[in-house]
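With compact mmCIF, C-alpha atoms inside, this is start07.txt:
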```txt
# COMPACT_ATOMS: atom_id res chain seq x y z
CA MET E 1 92.72 8.87 -16.80
CA LEU E 2 89.77 11.11 -17.46
CA LEU E 3 86.72 8.99 -18.30
CA VAL E 4 84.43 10.69 -20.80
CA ALA E 5 81.16 9.70 -22.48
CA LEU E 6 80.56 10.89 -26.04
CA THR E 7 76.89 10.50 -26.83
CA GLY E 8 73.95 11.93 -28.75
CA GLY E 9 71.05 10.85 -30.91
CA ILE E 10 71.28 8.84 -34.09
CA ALA E 11 72.89 10.59 -37.09
CA VAL E 12 73.91 13.74 -35.24
CA GLY E 13 77.64 13.62 -35.95
CA LYS E 14 79.16 11.60 -33.10
CA SER E 15 81.56 9.86 -35.46
CA VAL E 16 82.98 13.17 -36.67
CA ALA E 17 83.58 14.35 -33.11
CA ALA E 18 85.12 10.99 -32.18
CA ALA E 19 87.51 11.13 -35.16
CA VAL E 20 88.66 14.63 -34.20
CA LEU E 21 89.19 13.65 -30.56
CA LYS E 22 91.13 10.56 -31.65
CA ASP E 23 93.40 12.71 -33.84
CA LEU E 24 94.01 14.93 -30.82
CA GLY E 25 95.28 11.96 -28.81
CA CYS E 26 92.22 10.64 -26.97
CA TYR E 27 91.54 6.92 -26.81
CA ILE E 28 88.14 6.15 -28.35
CA HIS E 29 86.15 3.09 -27.28
CA HIS E 30 83.33 2.52 -29.77
CA SER E 31 80.45 0.78 -28.01
CA ASP E 32 78.79 -0.19 -31.30
CA GLU E 33 81.95 -2.00 -32.39
CA ALA E 34 82.26 -3.65 -29.00
CA ALA E 35 78.64 -4.83 -29.21
CA HIS E 36 79.24 -6.19 -32.71
CA GLU E 37 82.19 -8.23 -31.45
CA LEU E 38 80.02 -9.71 -28.71
CA ILE E 39 77.37 -11.16 -31.03
CA HIS E 40 79.39 -13.50 -33.22
CA PRO E 41 77.63 -16.85 -33.84
CA ASP E 42 77.28 -19.12 -30.80
CA SER E 43 78.51 -16.49 -28.35
CA PRO E 44 76.42 -16.09 -25.16
CA ALA E 45 74.93 -12.78 -26.38
CA TRP E 46 74.15 -14.30 -29.80
CA LYS E 47 72.31 -17.18 -28.16
CA GLU E 48 70.24 -14.83 -26.01
CA ILE E 49 69.32 -12.68 -29.00
CA VAL E 50 68.17 -15.72 -30.97
CA VAL E 51 66.08 -16.93 -28.02
CA GLN E 52 64.52 -13.51 -27.51
CA PHE E 53 63.94 -12.45 -31.12
CA GLY E 54 63.91 -15.70 -33.11
CA ARG E 55 66.03 -17.09 -35.91
CA GLY E 56 64.45 -14.58 -38.29
CA VAL E 57 67.14 -12.10 -37.22
CA LEU E 58 69.90 -14.31 -38.63
CA ASN E 59 71.66 -14.09 -41.97
CA PRO E 60 72.29 -17.30 -43.96
CA ASP E 61 75.77 -17.50 -42.39
CA ARG E 62 74.18 -17.35 -38.90
CA THR E 63 75.48 -13.86 -38.13
CA ILE E 64 72.99 -11.37 -36.73
CA ASN E 65 71.19 -9.34 -39.39
CA ARG E 66 71.62 -6.00 -37.65
CA LYS E 67 69.24 -4.20 -40.00
CA GLN E 68 66.45 -6.70 -39.31
CA LEU E 69 67.12 -6.62 -35.58
CA GLY E 70 67.08 -2.84 -35.73
CA ARG E 71 63.64 -2.84 -37.33
CA ILE E 72 62.34 -4.92 -34.45
CA VAL E 73 63.86 -2.94 -31.59
CA PHE E 74 63.01 0.45 -33.06
CA ALA E 75 59.38 -0.65 -33.38
CA GLY E 76 58.73 -1.11 -29.68
CA GLU E 77 60.03 -0.07 -26.27
CA GLN E 78 59.87 -3.58 -24.80
CA GLU E 79 61.94 -5.04 -27.63
CA ARG E 80 64.52 -2.32 -27.25
CA LEU E 81 64.76 -2.91 -23.50
CA ARG E 82 65.19 -6.64 -24.06
CA LEU E 83 68.09 -6.09 -26.44
CA ASN E 84 69.68 -3.49 -24.19
CA GLY E 85 69.44 -5.92 -21.28
CA ILE E 86 71.44 -8.44 -23.29
CA LEU E 87 74.10 -6.12 -24.65
CA HIS E 88 74.62 -3.24 -22.22
CA PRO E 89 76.11 -5.20 -19.28
CA ARG E 90 78.52 -6.97 -21.63
CA VAL E 91 79.53 -3.76 -23.41
CA MET E 92 80.15 -2.08 -20.06
CA GLU E 93 82.29 -5.01 -18.94
CA ALA E 94 84.32 -4.81 -22.17
CA ARG E 95 84.73 -1.07 -21.68
CA LEU E 96 85.98 -1.53 -18.12
CA ASP E 97 88.45 -4.21 -19.23
CA ARG E 98 89.79 -1.89 -21.91
CA LEU E 99 89.97 1.04 -19.52
CA GLU E 100 92.01 -0.99 -17.03
CA ALA E 101 94.40 -2.04 -19.80
CA MET E 102 94.79 1.56 -20.96
CA GLU E 103 95.50 2.74 -17.44
CA ARG E 104 98.23 0.12 -17.09
CA ASP E 105 99.78 1.17 -20.40
CA GLY E 106 99.74 4.83 -19.42
CA ASN E 107 99.81 5.99 -23.06
CA HIS E 108 96.60 8.03 -22.92
CA THR E 109 95.19 10.52 -20.47
CA ILE E 110 91.64 10.80 -21.83
CA PHE E 111 89.45 7.71 -22.41
CA ILE E 112 86.32 8.42 -24.43
CA SER E 113 83.44 5.97 -24.71
CA GLU E 114 81.34 6.67 -27.80
CA ALA E 115 77.89 5.26 -27.04
CA ALA E 116 74.53 6.49 -28.30
CA LEU E 117 72.55 5.20 -25.31
CA THR E 118 74.71 6.36 -22.40
CA VAL E 119 71.99 8.55 -20.92
CA GLU E 120 69.10 6.16 -21.58
CA ALA E 121 70.98 3.25 -20.00
CA GLY E 122 71.59 5.27 -16.83
CA PHE E 123 75.37 5.27 -17.20
CA ALA E 124 76.01 9.02 -17.45
CA SER E 125 76.92 9.35 -13.77
CA SER E 126 79.73 6.78 -14.14
CA TYR E 127 81.77 9.19 -16.27
CA ASP E 128 83.85 12.18 -15.23
CA LYS E 129 82.41 14.21 -18.10
CA VAL E 130 79.62 13.77 -20.64
CA ILE E 131 79.75 15.28 -24.13
CA VAL E 132 76.50 15.43 -26.10
CA VAL E 133 76.68 15.95 -29.85
CA HIS E 134 73.54 17.43 -31.33
CA CYS E 135 72.17 19.10 -34.44
CA ARG E 136 68.96 20.62 -35.74
CA GLU E 137 66.28 17.96 -36.11
CA PRO E 138 65.54 18.56 -39.82
CA LEU E 139 69.23 18.01 -40.50
CA GLN E 140 69.24 14.88 -38.34
CA ILE E 141 66.36 13.49 -40.39
CA GLN E 142 68.15 14.26 -43.66
CA ARG E 143 71.38 12.64 -42.46
CA LEU E 144 69.58 9.51 -41.30
CA MET E 145 67.65 9.20 -44.56
CA ARG E 146 70.87 9.50 -46.55
CA ARG E 147 72.93 7.22 -44.32
CA ASN E 148 70.39 4.41 -43.96
CA ARG E 149 68.75 4.91 -47.37
CA ILE E 150 65.29 5.16 -45.87
CA ASP E 151 62.35 7.50 -46.41
CA ARG E 152 61.36 10.42 -44.20
CA THR E 153 58.59 8.52 -42.42
CA GLU E 154 60.96 5.76 -41.36
CA ALA E 155 63.65 8.24 -40.30
CA GLU E 156 61.18 10.20 -38.18
CA ARG E 157 59.90 7.00 -36.58
CA ILE E 158 63.42 5.93 -35.59
CA ILE E 159 64.27 9.36 -34.18
CA GLN E 160 61.01 9.59 -32.24
CA SER E 161 61.66 6.18 -30.68
CA GLN E 162 64.78 7.56 -29.00
CA MET E 163 65.24 10.01 -26.16
CA SER E 164 64.98 13.55 -27.48
CA GLN E 165 68.10 15.59 -28.08
CA GLU E 166 66.89 18.16 -25.57
CA GLU E 167 66.66 15.53 -22.83
CA LYS E 168 70.16 14.26 -23.60
CA LYS E 169 71.56 17.78 -23.55
CA LYS E 170 70.41 18.18 -19.94
CA GLN E 171 72.97 15.52 -18.93
CA ALA E 172 75.88 17.16 -20.73
CA HIS E 173 78.93 18.85 -19.30
CA TYR E 174 79.86 19.90 -22.83
CA LEU E 175 77.85 20.29 -26.04
CA ILE E 176 79.02 20.02 -29.63
CA ASP E 177 76.63 21.44 -32.22
CA SER E 178 77.24 19.76 -35.59
CA SER E 179 74.51 21.66 -37.43
CA ASP E 180 76.84 23.86 -39.44
CA SER E 181 79.90 23.22 -41.58
CA LEU E 182 82.38 20.42 -41.00
CA ALA E 183 85.05 23.00 -40.22
CA GLU E 184 82.86 24.53 -37.50
CA THR E 185 82.12 21.12 -36.00
CA ILE E 186 85.84 20.36 -35.89
CA GLU E 187 86.56 23.71 -34.26
CA ARG E 188 83.87 23.15 -31.61
CA THR E 189 85.22 19.69 -30.90
CA GLU E 190 88.75 21.07 -30.53
CA THR E 191 87.43 23.60 -28.03
CA VAL E 192 85.86 20.82 -25.98
CA TYR E 193 89.13 18.86 -26.16
CA ARG E 194 91.01 21.75 -24.60
CA LEU E 195 88.49 21.80 -21.76
CA LEU E 196 88.93 18.04 -21.29
CA VAL E 197 92.69 18.51 -20.95
CA GLN E 198 92.01 21.01 -18.17
CA ASP E 199 89.63 18.54 -16.55
CA TYR E 200 92.29 15.83 -16.67
CA GLU E 201 94.85 18.10 -15.05
CA ALA E 202 92.38 19.03 -12.32
CA LYS E 203 91.57 15.36 -11.65
CA ARG E 204 95.28 14.47 -11.55
CA ARG E 205 95.99 17.23 -9.01
CA ILE E 206 93.17 15.96 -6.78
CA GLN E 207 94.38 12.36 -6.97
CA ASN E 208 97.95 13.37 -6.19
```
As a first step, turn the structure in this file into structure tokens.
Amino acid sequence: MLLVALTGGIAVGKSVAAAVLKDLGCYIHHSDEAAHELIHPDSPAWKEIVVQFGRGVLNPDRTINRKQLGRIVFAGEQERLRLNGILHPRVMEARLDRLEAMERDGNHTIFISEAALTVEAGFASSYDKVIVVHCREPLQIQRLMRRNRIDRTEAERIIQSQMSQEEKKKQAHYLIDSSDSLAETIERTETVYRLLVQDYEAKRRIQN
């Protein structure tokens, strides 16, 4: 299988690109969903989060209040590193388990891991190819404000707490600009998919 990272900053359109690639036959592993599954009450990751950040991050039903936890980790680098240290190794393990299962099944040729922090976590080199989705920053701010129902100041603070889009783009084999219409984003994603198919064929020839 071809192992691909799909990454980019917050609210840049990764989900759109992932949906298109899934429709084209790629297997999509969503790291956010994997992380969510790992933090159910009384799980090892849940316990570590409560120890590190306190019971103030819990909902009445003892699930993690992701919005409250997000406020904490976006407010400081040390908090973000602490959370990443808890979740990233477990998410990577879950991804590897899923990848091994997919390889045994043989139903897919391209495995795509959608993860916002691939570059920051130092995992980019573990993939055959890296796709970075990006858009113009004013549009990113607008999308984040609308999606999270927050004001401009808060949106800008969250975006500035992350690695810049320009830095992420330096790690990319392929770029998808989602700044324009949905149709154009889909077309650009389809173009990248065709290149991934070529990459898979090239990898298969080398392995054989």
Closest of E:Ala45, E:Ile10, E:Val197, E:Ile141 to Phe74 in chain E, counting all atoms listed in the file, is E:Ile10
Using all atoms listed in the file, the best pick from E:Arg157, E:His29, E:Arg71, E:Arg62 as closest to Asp97 in chain E would be E:His29
With distances taken over all atoms listed in the file, which of E:Ser15, E:Gln207, E:Asn148, E:Thr109 is nearest to Leu3 in chain E?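 Of all the options, E:Thr109 lies closest to Leu3 in chain E.
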May I have the residues within 10 Å of Ala5 in chain E as a list in words, using all atoms listed in the file and disregarding those fewer than 2 positions away in the same chain?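 My reading of the contact set: Leu3, Thr7, Gly8, Ile28, His29, Phe111, Ile112, Ser113, Glu114, Ala115, Ala116, Thr118, Val119, Phe123, Ala124, Ser125, Ser126, Tyr127, Asp128, Lys129, Val130, Ile131, Val132, Ala172 and His173 of chain E.
Reported to one decimal place, the separation of CA of Glu37 in chain E from CA of Ile72 in chain E is 20.3 Å.
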Of the candidates E:Asp199, E:Glu48, E:Glu187, E:Glu120, which shows the shortest atom-to-atom distance to Met1 in chain E, using all atoms listed in the file?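 Between E:Asp199, E:Glu48, E:Glu187, E:Glu120, the residue approaching Met1 in chain E most closely is E:Asp199.
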Taking into account all atoms listed in the file, which residue in the set E:Met92, E:Leu69, E:Ile150, E:Ala183 is nearest to Leu38 in chain E? E:Met92
Which of these residues is nearest to Val16 in chain E, using all atoms listed in the file: E:Gln198, E:Gln165, E:Val133, E:Lys170?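 Between E:Gln198, E:Gln165, E:Val133, E:Lys170, the residue approaching Val16 in chain E most closely is E:Val133.
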Excluding range 151-155 of chain E and any residue of its chain fewer than 6 positions from it, enumerate the residues within 9 Å of it, using all atoms listed in the file, and give them as a list in words.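 The neighbour list is Gln140, Ile141, Gln142, Leu144 and Met145 of chain E.
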Dig up all the protein and nucleic acid residues within 9 Å of (84.4, 20.3, -32.0) in the file frame, using all atoms listed in the file, and format them as a PyMOL selection string. chain E and resi 16-17+20-21+175-178+183-193
A straight line from CA of Arg146 in chain E to CA of Arg82 in chain E spans 28.3 Å
By how many Å are CA of Gly56 in chain E and CA of Asn84 in chain E apart?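 Separating CA of Gly56 in chain E from CA of Asn84 in chain E is a distance of 18.7 Å.
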